[in-house]
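Student: Provided below: start-v4.cif, containing mmCIF, C-alpha atoms.
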data_target
#
loop_
_atom_site.group_PDB
_atom_site.id
_atom_site.type_symbol
_atom_site.label_atom_id
_atom_site.label_comp_id
_atom_site.auth_asym_id
_atom_site.auth_seq_id
_atom_site.Cartn_x
_atom_site.Cartn_y
_atom_site.Cartn_z
ATOM 1 C CA MET P 4 50.988 8.668 63.915
ATOM 2 C CA LYS P 5 49.231 11.921 64.665
ATOM 3 C CA ASP P 6 50.536 13.455 61.421
ATOM 4 C CA ARG P 7 49.314 10.448 59.421
ATOM 5 C CA THR P 8 45.847 10.712 61.012
ATOM 6 C CA MET P 9 45.611 14.416 60.291
ATOM 7 C CA LYS P 10 46.691 13.819 56.706
ATOM 8 C CA MET P 11 44.029 11.148 56.313
ATOM 9 C CA LEU P 12 41.327 13.456 57.677
ATOM 10 C CA ALA P 13 42.389 16.174 55.263
ATOM 11 C CA ILE P 14 42.169 13.760 52.321
ATOM 12 C CA LEU P 15 38.693 12.605 53.395
ATOM 13 C CA MET P 16 37.541 16.228 53.616
ATOM 14 C CA ILE P 17 38.815 16.847 50.089
ATOM 15 C CA ALA P 18 37.007 13.710 48.890
ATOM 16 C CA ALA P 19 33.778 14.844 50.483
ATOM 17 C CA ALA P 20 34.119 18.204 48.785
ATOM 18 C CA LEU P 21 34.689 16.507 45.433
ATOM 19 C CA VAL P 22 31.659 14.279 45.845
ATOM 20 C CA CYS P 23 29.475 17.274 46.701
ATOM 21 C CA LEU P 24 30.625 19.385 43.759
ATOM 22 C CA PRO P 25 27.475 20.628 41.893
ATOM 23 C CA MET P 26 27.923 18.807 38.569
ATOM 24 C CA ALA P 27 25.177 18.068 35.965
ATOM 25 C CA SER P 28 24.865 14.390 35.046
ATOM 26 C CA TYR P 29 25.711 13.180 31.563
ATOM 27 C CA ALA P 30 22.095 12.054 31.169
ATOM 28 C CA GLU P 31 21.003 15.656 31.710
ATOM 29 C CA ALA P 32 23.597 16.808 29.201
ATOM 30 C CA VAL P 33 22.247 14.314 26.646
ATOM 31 C CA ALA P 34 18.689 15.494 27.250
ATOM 32 C CA THR P 35 19.694 19.125 26.650
ATOM 33 C CA GLY P 36 21.984 18.311 23.733
ATOM 34 C CA GLN P 37 25.038 19.759 25.556
ATOM 35 C CA THR P 38 27.304 16.703 25.715
ATOM 36 C CA GLU P 39 30.450 18.431 24.504
ATOM 37 C CA ASN P 40 33.005 18.532 27.342
ATOM 38 C CA ALA P 41 30.409 17.109 29.747
ATOM 39 C CA GLU P 42 32.318 15.390 32.542
ATOM 40 C CA ARG P 43 31.363 13.603 35.749
ATOM 41 C CA PHE P 44 33.605 13.375 38.824
ATOM 42 C CA ILE P 45 33.846 10.317 41.057
ATOM 43 C CA SER P 46 36.215 10.056 44.027
ATOM 44 C CA MET P 47 37.946 6.714 44.729
ATOM 45 C CA GLU P 48 39.011 5.932 48.255
ATOM 46 C CA GLU P 49 41.721 3.425 48.979
ATOM 47 C CA GLY P 50 40.305 -0.119 48.898
ATOM 48 C CA SER P 51 36.835 1.050 47.820
ATOM 49 C CA ARG P 52 34.467 -0.837 45.481
ATOM 50 C CA VAL P 53 32.182 1.569 43.640
ATOM 51 C CA GLN P 54 29.436 0.922 41.058
ATOM 52 C CA ALA P 55 28.071 3.487 38.617
ATOM 53 C CA ASP P 56 25.818 3.680 35.575
ATOM 54 C CA ALA P 57 27.183 5.580 32.617
ATOM 55 C CA SER P 58 26.217 6.543 29.076
ATOM 56 C CA VAL P 59 28.139 5.760 25.921
ATOM 57 C CA GLY P 60 30.224 8.826 25.103
ATOM 58 C CA GLU P 61 30.383 9.982 28.718
ATOM 59 C CA HIS P 62 33.642 11.215 30.295
ATOM 60 C CA ILE P 63 34.224 10.342 33.940
ATOM 61 C CA ARG P 64 37.036 11.932 35.916
ATOM 62 C CA LEU P 65 38.225 9.637 38.722
ATOM 63 C CA THR P 66 39.827 11.318 41.716
ATOM 64 C CA PRO P 67 41.869 8.968 43.924
ATOM 65 C CA VAL P 68 41.858 9.698 47.654
ATOM 66 C CA PHE P 69 45.031 7.808 48.612
ATOM 67 C CA LEU P 70 47.746 8.314 51.213
ATOM 68 C CA THR P 71 50.323 7.587 48.539
ATOM 69 C CA ALA P 72 50.616 8.368 44.850
ATOM 70 C CA VAL P 73 48.848 6.400 42.145
ATOM 71 C CA LYS P 74 50.900 3.610 40.656
ATOM 72 C CA SER P 75 48.630 2.588 37.746
ATOM 73 C CA TRP P 76 45.220 2.821 36.070
ATOM 74 C CA LYS P 77 43.668 -0.166 34.282
ATOM 75 C CA THR P 78 40.474 -1.051 32.403
ATOM 76 C CA SER P 79 39.098 -4.589 32.129
ATOM 77 C CA ASP P 80 37.802 -3.968 28.606
ATOM 78 C CA GLU P 81 39.267 -1.281 26.373
ATOM 79 C CA LYS P 82 36.383 -1.691 23.891
ATOM 80 C CA ILE P 83 33.834 -0.626 26.492
ATOM 81 C CA ALA P 84 35.792 2.059 28.363
ATOM 82 C CA SER P 85 39.338 3.419 28.348
ATOM 83 C CA VAL P 86 41.200 5.145 31.165
ATOM 84 C CA ASP P 87 44.316 7.323 30.902
ATOM 85 C CA GLN P 88 47.021 7.874 33.482
ATOM 86 C CA ASN P 89 45.233 10.957 34.790
ATOM 87 C CA GLY P 90 42.093 8.996 35.679
ATOM 88 C CA LEU P 91 39.935 10.147 32.754
ATOM 89 C CA VAL P 92 37.514 7.390 31.756
ATOM 90 C CA ILE P 93 35.882 7.532 28.317
ATOM 91 C CA VAL P 94 32.853 5.246 27.872
ATOM 92 C CA LYS P 95 32.902 3.808 24.346
ATOM 93 C CA ALA P 96 30.268 1.082 24.106
ATOM 94 C CA GLU P 97 27.475 -0.651 25.975
ATOM 95 C CA GLY P 98 28.480 -3.294 28.499
ATOM 96 C CA THR P 99 30.066 -3.748 31.913
ATOM 97 C CA VAL P 100 33.683 -2.786 32.647
ATOM 98 C CA THR P 101 35.849 -2.428 35.742
ATOM 99 C CA ILE P 102 38.336 0.406 36.191
ATOM 100 C CA THR P 103 41.106 -0.357 38.711
ATOM 101 C CA VAL P 104 43.367 2.267 40.309
ATOM 102 C CA THR P 105 46.388 0.979 42.232
ATOM 103 C CA PRO P 106 48.317 3.124 44.769
ATOM 104 C CA VAL P 107 52.059 2.868 45.327
ATOM 105 C CA ASP P 108 51.305 1.605 48.803
ATOM 106 C CA GLY P 109 47.870 0.392 49.881
ATOM 107 C CA ASP P 110 44.756 -1.370 48.608
ATOM 108 C CA ARG P 111 43.473 -0.971 45.041
ATOM 109 C CA ALA P 112 40.173 0.818 44.391
ATOM 110 C CA LYS P 113 37.751 -0.411 41.743
ATOM 111 C CA LEU P 114 34.899 1.236 39.838
ATOM 112 C CA LYS P 115 32.407 -1.075 38.097
ATOM 113 C CA ILE P 116 30.640 0.740 35.267
ATOM 114 C CA LYS P 117 27.457 -0.412 33.528
ATOM 115 C CA ALA P 118 27.376 1.489 30.239
ATOM 116 C CA VAL P 119 24.271 2.120 28.144
ATOM 117 C CA ASP P 120 23.731 4.041 24.883
ATOM 118 C CA PRO P 121 21.355 6.998 25.491
ATOM 119 C CA TYR P 122 20.772 7.305 21.749
ATOM 120 C CA LYS P 123 19.847 3.655 21.206
ATOM 121 C CA PRO P 124 16.103 3.243 20.500
ATOM 122 C CA GLU P 125 14.304 0.888 22.859
ATOM 123 C CA LYS P 126 10.952 1.336 21.147
ATOM 124 C CA ILE P 127 9.426 3.019 18.103
ATOM 125 C CA GLU P 128 5.739 3.754 17.728
ATOM 126 C CA LEU P 129 3.754 5.176 14.835
ATOM 127 C CA GLU P 130 1.402 8.018 15.696
ATOM 128 C CA GLN P 131 -1.186 6.384 13.413
ATOM 129 C CA SER P 132 -2.610 2.958 14.246
ATOM 130 C CA GLY P 133 -5.181 0.372 13.136
ATOM 131 C CA THR P 134 -6.263 0.403 9.486
ATOM 132 C CA LEU P 135 -6.117 3.737 7.679
ATOM 133 C CA VAL P 136 -8.239 4.454 4.596
ATOM 134 C CA LEU P 137 -6.404 6.248 1.790
ATOM 135 C CA ASN P 138 -7.927 7.416 -1.482
ATOM 136 C CA LYS P 139 -6.308 6.208 -4.674
ATOM 137 C CA GLY P 140 -3.956 8.891 -5.982
ATOM 138 C CA GLU P 141 -3.690 10.677 -2.629
ATOM 139 C CA THR P 142 -0.787 10.802 -0.142
ATOM 140 C CA LEU P 143 -0.752 10.328 3.636
ATOM 141 C CA GLN P 144 2.186 11.380 5.841
ATOM 142 C CA LEU P 145 3.069 8.901 8.590
ATOM 143 C CA SER P 146 5.117 9.869 11.648
ATOM 144 C CA ALA P 147 6.766 7.946 14.464
ATOM 145 C CA GLY P 148 8.269 8.602 17.885
ATOM 146 C CA MET P 149 11.059 6.735 19.664
ATOM 147 C CA GLU P 150 11.821 5.906 23.289
ATOM 148 C CA PRO P 151 13.763 6.986 25.228
ATOM 149 C CA ALA P 152 13.324 10.651 24.340
ATOM 150 C CA THR P 153 17.066 10.872 23.620
ATOM 151 C CA ALA P 154 16.934 8.056 21.031
ATOM 152 C CA LYS P 155 18.306 8.773 17.567
ATOM 153 C CA SER P 156 18.130 6.604 14.456
ATOM 154 C CA ASP P 157 17.739 6.775 10.725
ATOM 155 C CA LEU P 158 14.375 5.236 9.908
ATOM 156 C CA THR P 159 13.677 2.691 7.192
ATOM 157 C CA TRP P 160 10.178 2.636 5.694
ATOM 158 C CA SER P 161 8.771 -0.262 3.664
ATOM 159 C CA SER P 162 5.478 -1.476 2.172
ATOM 160 C CA SER P 163 4.303 -5.083 1.951
ATOM 161 C CA ARG P 164 2.386 -4.295 -1.262
ATOM 162 C CA SER P 165 3.828 -1.329 -3.140
ATOM 163 C CA LYS P 166 1.408 -1.903 -6.026
ATOM 164 C CA TYR P 167 -1.356 -0.841 -3.652
ATOM 165 C CA ALA P 168 0.436 1.645 -1.385
ATOM 166 C CA ALA P 169 4.038 2.828 -1.777
ATOM 167 C CA VAL P 170 5.989 4.621 0.975
ATOM 168 C CA ASP P 171 8.981 6.895 0.475
ATOM 169 C CA ALA P 172 12.058 7.410 2.671
ATOM 170 C CA ASN P 173 10.238 10.041 4.739
ATOM 171 C CA GLY P 174 7.112 7.997 5.533
ATOM 172 C CA ALA P 175 4.824 9.528 2.883
ATOM 173 C CA VAL P 176 2.385 6.864 1.634
ATOM 174 C CA THR P 177 0.753 7.149 -1.808
ATOM 175 C CA GLY P 178 -2.253 5.059 -2.853
ATOM 176 C CA HIS P 179 -1.746 3.474 -6.273
ATOM 177 C CA ALA P 180 -4.524 0.892 -6.560
ATOM 178 C CA GLU P 181 -7.340 -0.561 -4.510
ATOM 179 C CA GLY P 182 -6.065 -3.057 -1.944
ATOM 180 C CA THR P 183 -4.438 -3.307 1.487
ATOM 181 C CA ALA P 184 -0.744 -2.952 2.364
ATOM 182 C CA THR P 185 1.183 -3.015 5.637
ATOM 183 C CA ILE P 186 3.615 -0.132 6.166
ATOM 184 C CA THR P 187 6.594 -0.806 8.454
ATOM 185 C CA VAL P 188 8.981 1.675 10.054
ATOM 186 C CA GLN P 189 12.216 0.303 11.509
ATOM 187 C CA THR P 190 15.204 1.654 13.447
ATOM 188 C CA TYR P 191 18.837 0.723 12.801
ATOM 189 C CA ASN P 192 18.700 -1.803 15.645
ATOM 190 C CA GLY P 193 15.543 -3.591 14.509
ATOM 191 C CA LYS P 194 12.862 -1.889 16.579
ATOM 192 C CA LYS P 195 9.738 -1.514 14.455
ATOM 193 C CA ASP P 196 6.043 -0.710 14.250
ATOM 194 C CA THR P 197 3.408 -1.249 11.551
ATOM 195 C CA VAL P 198 0.130 0.173 10.291
ATOM 196 C CA LYS P 199 -2.289 -1.058 7.638
ATOM 197 C CA ILE P 200 -3.297 1.113 4.697
ATOM 198 C CA LYS P 201 -6.497 0.338 2.788
ATOM 199 C CA VAL P 202 -6.529 2.091 -0.568
ATOM 200 C CA VAL P 203 -9.951 2.848 -2.019
ATOM 201 C CA ASP P 204 -11.074 4.522 -5.243
ATOM 202 C CA PRO P 205 -13.383 7.417 -4.258
ATOM 203 C CA TYR P 206 -14.604 7.644 -7.853
ATOM 204 C CA LYS P 207 -15.492 3.974 -8.206
ATOM 205 C CA PRO P 208 -19.271 3.455 -8.253
ATOM 206 C CA GLU P 209 -20.581 1.093 -5.592
ATOM 207 C CA LYS P 210 -24.182 1.407 -6.761
ATOM 208 C CA ILE P 211 -26.242 2.987 -9.560
ATOM 209 C CA GLU P 212 -29.967 3.582 -9.359
ATOM 210 C CA LEU P 213 -32.431 4.885 -11.940
ATOM 211 C CA GLU P 214 -34.718 7.650 -10.768
ATOM 212 C CA GLN P 215 -37.588 5.912 -12.618
ATOM 213 C CA SER P 216 -38.726 2.457 -11.560
ATOM 214 C CA GLY P 217 -41.367 -0.193 -12.254
ATOM 215 C CA THR P 218 -42.979 -0.273 -15.728
ATOM 216 C CA LEU P 219 -43.241 3.015 -17.583
ATOM 217 C CA LEU P 220 -45.747 3.709 -20.357
ATOM 218 C CA LEU P 221 -44.379 5.424 -23.442
ATOM 219 C CA ASN P 222 -46.387 6.492 -26.448
ATOM 220 C CA LYS P 223 -45.207 5.320 -29.826
ATOM 221 C CA GLY P 224 -43.191 8.072 -31.469
ATOM 222 C CA GLU P 225 -42.524 9.919 -28.198
ATOM 223 C CA THR P 226 -39.323 10.173 -26.133
ATOM 224 C CA LEU P 227 -38.740 9.725 -22.410
ATOM 225 C CA GLN P 228 -35.559 10.915 -20.677
ATOM 226 C CA LEU P 229 -34.190 8.494 -18.069
ATOM 227 C CA SER P 230 -31.721 9.588 -15.369
ATOM 228 C CA ALA P 231 -29.611 7.758 -12.800
ATOM 229 C CA GLY P 232 -27.611 8.519 -9.646
ATOM 230 C CA MET P 233 -24.497 6.777 -8.301
ATOM 231 C CA GLU P 234 -23.110 6.044 -4.842
ATOM 232 C CA PRO P 235 -20.886 7.199 -3.240
ATOM 233 C CA ALA P 236 -21.528 10.844 -4.030
ATOM 234 C CA THR P 237 -17.958 11.140 -5.365
ATOM 235 C CA ALA P 238 -18.461 8.314 -7.878
ATOM 236 C CA LYS P 239 -17.686 9.013 -11.525
ATOM 237 C CA SER P 240 -18.282 6.823 -14.548
ATOM 238 C CA ASP P 241 -19.268 6.919 -18.181
ATOM 239 C CA LEU P 242 -22.680 5.260 -18.458
ATOM 240 C CA THR P 243 -23.709 2.663 -21.004
ATOM 241 C CA TRP P 244 -27.394 2.468 -21.935
ATOM 242 C CA SER P 245 -28.980 -0.516 -23.696
ATOM 243 C CA SER P 246 -32.412 -1.872 -24.675
ATOM 244 C CA SER P 247 -33.465 -5.501 -24.642
ATOM 245 C CA ARG P 248 -35.858 -4.864 -27.565
ATOM 246 C CA SER P 249 -34.786 -1.909 -29.675
ATOM 247 C CA LYS P 250 -37.594 -2.573 -32.169
ATOM 248 C CA TYR P 251 -40.017 -1.528 -29.441
ATOM 249 C CA ALA P 252 -37.991 1.029 -27.476
ATOM 250 C CA LEU P 253 -34.613 2.439 -28.473
ATOM 251 C CA VAL P 254 -32.326 4.217 -25.985
ATOM 252 C CA ASP P 255 -29.489 6.559 -26.941
ATOM 253 C CA ALA P 256 -26.133 7.216 -25.234
ATOM 254 C CA ASN P 257 -27.695 9.807 -22.941
ATOM 255 C CA GLY P 258 -30.593 7.682 -21.670
ATOM 256 C CA ALA P 259 -33.292 9.115 -23.953
ATOM 257 C CA VAL P 260 -35.796 6.351 -24.841
ATOM 258 C CA THR P 261 -37.937 6.563 -27.980
ATOM 259 C CA GLY P 262 -40.962 4.358 -28.576
ATOM 260 C CA HIS P 263 -40.913 2.712 -32.035
ATOM 261 C CA ALA P 264 -43.586 0.063 -31.906
ATOM 262 C CA GLU P 265 -45.984 -1.442 -29.454
ATOM 263 C CA GLY P 266 -44.318 -3.851 -27.094
ATOM 264 C CA THR P 267 -42.212 -4.027 -23.920
ATOM 265 C CA ALA P 268 -38.480 -3.530 -23.606
ATOM 266 C CA GLU P 269 -36.090 -3.482 -20.637
ATOM 267 C CA ILE P 270 -33.717 -0.523 -20.478
ATOM 268 C CA THR P 271 -30.420 -1.058 -18.627
ATOM 269 C CA VAL P 272 -27.897 1.523 -17.444
ATOM 270 C CA ARG P 273 -24.415 0.256 -16.519
ATOM 271 C CA THR P 274 -21.215 1.744 -15.042
ATOM 272 C CA TYR P 275 -17.685 0.920 -16.219
ATOM 273 C CA ASN P 276 -17.293 -1.572 -13.368
ATOM 274 C CA GLY P 277 -20.510 -3.468 -13.974
ATOM 275 C CA LYS P 278 -22.910 -1.820 -11.535
ATOM 276 C CA LYS P 279 -26.359 -1.596 -13.149
ATOM 277 C CA ASP P 280 -30.058 -0.905 -12.816
ATOM 278 C CA THR P 281 -33.063 -1.556 -15.090
ATOM 279 C CA VAL P 282 -36.537 -0.271 -15.857
ATOM 280 C CA LYS P 283 -39.299 -1.625 -18.121
ATOM 281 C CA ILE P 284 -40.777 0.472 -20.921
ATOM 282 C CA LYS P 285 -44.165 -0.450 -22.372
ATOM 283 C CA VAL P 286 -44.703 1.268 -25.713
ATOM 284 C CA VAL P 287 -48.292 1.906 -26.685
ATOM 285 C CA ASP P 288 -49.911 3.455 -29.798
ATOM 286 C CA PRO P 289 -52.083 6.319 -28.509
ATOM 287 C CA TYR P 290 -53.884 6.474 -31.862
ATOM 288 C CA LYS P 291 -54.726 2.822 -32.107
ATOM 289 C CA PRO P 292 -58.431 2.285 -31.324
ATOM 290 C CA GLU P 293 -59.000 -0.133 -28.529
ATOM 291 C CA LYS P 294 -62.738 0.153 -28.796
ATOM 292 C CA ILE P 295 -65.425 1.801 -30.969
ATOM 293 C CA GLU P 296 -68.976 2.323 -29.922
ATOM 294 C CA LEU P 297 -71.991 3.729 -31.783
ATOM 295 C CA GLU P 298 -73.829 6.379 -29.941
ATOM 296 C CA GLN P 299 -77.077 4.735 -31.080
ATOM 297 C CA SER P 300 -77.945 1.288 -29.983
ATOM 298 C CA GLY P 301 -80.642 -1.254 -30.150
ATOM 299 C CA THR P 302 -83.154 -1.173 -33.089
ATOM 300 C CA LEU P 303 -83.777 2.179 -34.716
ATOM 301 C CA VAL P 304 -86.940 2.961 -36.690
ATOM 302 C CA LEU P 305 -86.382 4.904 -39.894
ATOM 303 C CA GLY P 306 -89.268 6.110 -42.051
ATOM 304 C CA ARG P 307 -89.407 5.509 -45.786
ATOM 305 C CA GLY P 308 -87.519 8.297 -47.566
ATOM 306 C CA GLU P 309 -85.986 9.598 -44.294
ATOM 307 C CA THR P 310 -82.278 9.851 -43.414
ATOM 308 C CA LEU P 311 -80.683 9.029 -40.069
ATOM 309 C CA GLN P 312 -77.164 10.152 -39.151
ATOM 310 C CA LEU P 313 -75.255 7.586 -37.128
ATOM 311 C CA SER P 314 -72.184 8.555 -35.028
ATOM 312 C CA ALA P 315 -69.535 6.592 -33.195
ATOM 313 C CA GLY P 316 -66.838 7.236 -30.579
ATOM 314 C CA MET P 317 -63.494 5.466 -30.091
ATOM 315 C CA GLU P 318 -61.286 4.647 -27.114
ATOM 316 C CA PRO P 319 -58.836 5.792 -26.087
ATOM 317 C CA ALA P 320 -59.810 9.410 -26.610
ATOM 318 C CA THR P 321 -56.658 9.926 -28.678
#
Turn the structure described in the file into structure tokens.

Tutor:
Amino acid sequence: MKDRTMKMLAILMIAAALVCLPMASYAEAVATGQTENAERFISMEEGSRVQADASVGEHIRLTPVFLTAVKSWKTSDEKIASVDQNGLVIVKAEGTVTITVTPVDGDRAKLKIKAVDPYKPEKIELEQSGTLVLNKGETLQLSAGMEPATAKSDLTWSSSRSKYAAVDANGAVTGHAEGTATITVQTYNGKKDTVKIKVVDPYKPEKIELEQSGTLLLNKGETLQLSAGMEPATAKSDLTWSSSRSKYALVDANGAVTGHAEGTAEITVRTYNGKKDTVKIKVVDPYKPEKIELEQSGTLVLGRGETLQLSAGMEPAT
């Protein structure tokens, strides 16, 4: 009896030493990328019921602390974890499995393992959020992060409206036409995040305004140069100039207006996308007398045989 007790104490001391062995966890090995040959040790006392969390791919070395030899090793689910006859457990898939070790003489010990995949994404999140504005013809690089930090997955990128914004396999979005598209990034197991892309044309005029306004007076036969500015400052467009009454005022392709005859015409400048502004031109004849007035007035007395020189002035002075 004394020998059996001493033997039992010796086994317990060995078990304690095994439990206290300084061994890095598999989770730490995953985090550092050093999973090759990473192994965890767990001691199994006779009749014990032990629970442990484990990662897919992890190797667990079970050390039986029995008074007699081990008779058999058994797993409840070979698909989740296997065990060989030396007590080496290899975790294969997520799930719960029970490893049972049976001694030749004595109570069985059981280890219940809950296995998780450290590389399986639980969440993916784009670094960009909300609605992003992208110029037509330009490219924007999207990026995403996954949780946990050890997660690994090929990413699938897609656009709800590729005619507006197309995305390539690396998350680079190119604006093709004005409009809004939703870009989605997705992991192999269906975790996803989205962002909206609004494509705008930086060269498309939103407004055009003539520098001249109101009603402008233009002398017949003279030319007046009109000019216009567009918004935004990046806007570009060929301009179309037109006159409502070319017989009075004619405008050329560069906005130069020439007065042909007295009258009023409306000059319009227009962008390719229909933005426009107008100004009125009143053509006048600077040489046409509006008034004539003799310098002499009333009743003049002229002697017989005398001569009197009359004079007159006209308005306008031209």

Student: Quick one: distance from atom CA of P:Ser58 to atom CA of P:Ser156 in Å, one decimal?

Tutor: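 Interatomic distance here is 16.7 Å.
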
Student: I'd like to see the residues matched by the PyMOL selection byres ((chain P and resi 121) around 8) on this file, and ideally I'd get them as a ChimeraX atom specification.

Tutor: /P:30,33,58-59,119-120,122-123,151,153-154

Student: Would you compute the distance between atom CA of P:Lys95 and atom CA of P:Val73? Give it in Å to one decimal.

Tutor: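 Taking atom CA of P:Lys95 as the start and atom CA of P:Val73 as the end point, the length is 24.0 Å.
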
Student: So how many Å separate atom CA of P:Lys82 and atom CA of P:Thr105, to one decimal?

Tutor: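 Atom CA of P:Lys82 sits 21.1 Å away from atom CA of P:Thr105.
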
Student: Spell out the residues picked by the PyMOL selection byres ((chain P and resi 221) around 8) here, as a PyMOL selection string.

Tutor: chain P and resi 219-220+222-223+225-227+261-262+284-287

Student: Calculated over only C-alpha atoms, which of the candidates P:His179, P:Lys115, P:Lys166, P:Lys199 has the smallest distance to P:Ser132?

Tutor: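 Among P:His179, P:Lys115, P:Lys166, P:Lys199, it is P:Lys199 that comes nearest to P:Ser132.
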
Student: Using only C-alpha atoms, find the one residue out of P:Ile270, P:Gln189, P:Pro319, P:Ile102 that sits nearest to P:Gly217.

Tutor: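 Counting only C-alpha atoms, the residue closest to P:Gly217 is P:Ile270.
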
Student: Kindly indicate which residue among P:Gly306, P:Gly224, P:Gly193, P:Gly148 lies nearest to P:Glu128, using only C-alpha atoms for the distances.

Tutor: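 Nearest to P:Glu128: P:Gly148.
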
Student: Let me make sure I understand: among P:Ser162, P:Thr267, P:Thr177, P:Gln131, which one has the smallest atom-to-atom distance to P:Leu143 if we use all atoms listed in the file?

Tutor: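 Result for the nearest residue to P:Leu143: P:Thr177.
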
Student: Taking 3 positions as the minimum chain separation for residues in the same chain, which residues sit within 7 Å of P:Pro205 when counting all atoms listed in the file? Answer as number ranges by chain.

Tutor: P: 138, 237-238

Student: When you count only C-alpha atoms, which of these residues is closest to P:Ala118: P:Asn89, P:Gln54, P:Glu181, P:Met149?

Tutor: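 Among the listed residues, the smallest separation from P:Ala118 belongs to P:Gln54.
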
Student: Excluding P:Thr243 and residues on its chain fewer than 5 positions from it, collect all residues at most 7 Å away from it, counting only C-alpha atoms, and give them as a list in words.

Tutor: Ala256, Val272, Arg273 and Thr274 of chain P

Student: Distance cut-off 10 Å, centre (-34.9, 4.3, -23.9) in file coordinates, counting all atoms listed in the file: which residues qualify? Return them as JSON, numbers by chain.

Tutor: {"P": [221, 226, 227, 228, 229, 244, 245, 246, 247, 248, 249, 251, 252, 253, 254, 255, 256, 257, 258, 259, 260, 261, 262, 268, 269, 270, 271, 272, 282, 283, 284]}

Student: Quick one: which residues end up in the PyMOL selection byres ((chain P and resi 163) around 12) for this structure, as a list in words?

Tutor: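 That expression, the PyMOL selection byres ((chain P and resi 163) around 12), corresponds here to Trp160, Ser161, Ser162, Arg164, Ser165, Lys166, Tyr167, Ala168, Ala169, Val170, Gly182, Thr183, Ala184, Thr185, Ile186, Thr187, Val188, Thr197, Val198, Lys199 and Ile200 of chain P.
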
Student: Could the residues in this selection be written to a file with C-alpha atoms, as a PDB file, in the frame of the given file?

Tutor:
ATOM      1  CA  TRP P 160      10.178   2.636   5.694  1.00  0.00           C
ATOM      2  CA  SER P 161       8.771  -0.262   3.664  1.00  0.00           C
ATOM      3  CA  SER P 162       5.478  -1.476   2.172  1.00  0.00           C
ATOM      4  CA  ARG P 164       2.386  -4.295  -1.262  1.00  0.00           C
ATOM      5  CA  SER P 165       3.828  -1.329  -3.140  1.00  0.00           C
ATOM      6  CA  LYS P 166       1.408  -1.903  -6.026  1.00  0.00           C
ATOM      7  CA  TYR P 167      -1.356  -0.841  -3.652  1.00  0.00           C
ATOM      8  CA  ALA P 168       0.436   1.645  -1.385  1.00  0.00           C
ATOM      9  CA  ALA P 169       4.038   2.828  -1.777  1.00  0.00           C
ATOM     10  CA  VAL P 170       5.989   4.621   0.975  1.00  0.00           C
ATOM     11  CA  GLY P 182      -6.065  -3.057  -1.944  1.00  0.00           C
ATOM     12  CA  THR P 183      -4.438  -3.307   1.487  1.00  0.00           C
ATOM     13  CA  ALA P 184      -0.744  -2.952   2.364  1.00  0.00           C
ATOM     14  CA  THR P 185       1.183  -3.015   5.637  1.00  0.00           C
ATOM     15  CA  ILE P 186       3.615  -0.132   6.166  1.00  0.00           C
ATOM     16  CA  THR P 187       6.594  -0.806   8.454  1.00  0.00           C
ATOM     17  CA  VAL P 188       8.981   1.675  10.054  1.00  0.00           C
ATOM     18  CA  THR P 197       3.408  -1.249  11.551  1.00  0.00           C
ATOM     19  CA  VAL P 198       0.130   0.173  10.291  1.00  0.00           C
ATOM     20  CA  LYS P 199      -2.289  -1.058   7.638  1.00  0.00           C
ATOM     21  CA  ILE P 200      -3.297   1.113   4.697  1.00  0.00           C
TER      22      ILE P 200
END

Student: Just checking: using only C-alpha atoms, which residue out of P:Pro67, P:Gly174, P:Gly316, P:Pro235 ends up closest to P:Pro106?

Tutor: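 The shortest atom-to-atom distance to P:Pro106 comes from P:Pro67.
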
Student: Got a sec: who's within 7 Å of P:Gly50, counting only C-alpha atoms, leaving out chain neighbours fewer than 2 positions off, as a list in words?

Tutor: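 Answer for this query is Glu48, Arg52, Asp110, Arg111 and Ala112 of chain P.
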
Student: Select, counting all atoms listed in the file, all protein, DNA and RNA residues no farther than 8 Å from (-53.4, 7.9, -30.2) in file coordinates, and express the selection as a VMD selection string.

Tutor: chain P and resid 288 to 292 319 to 321
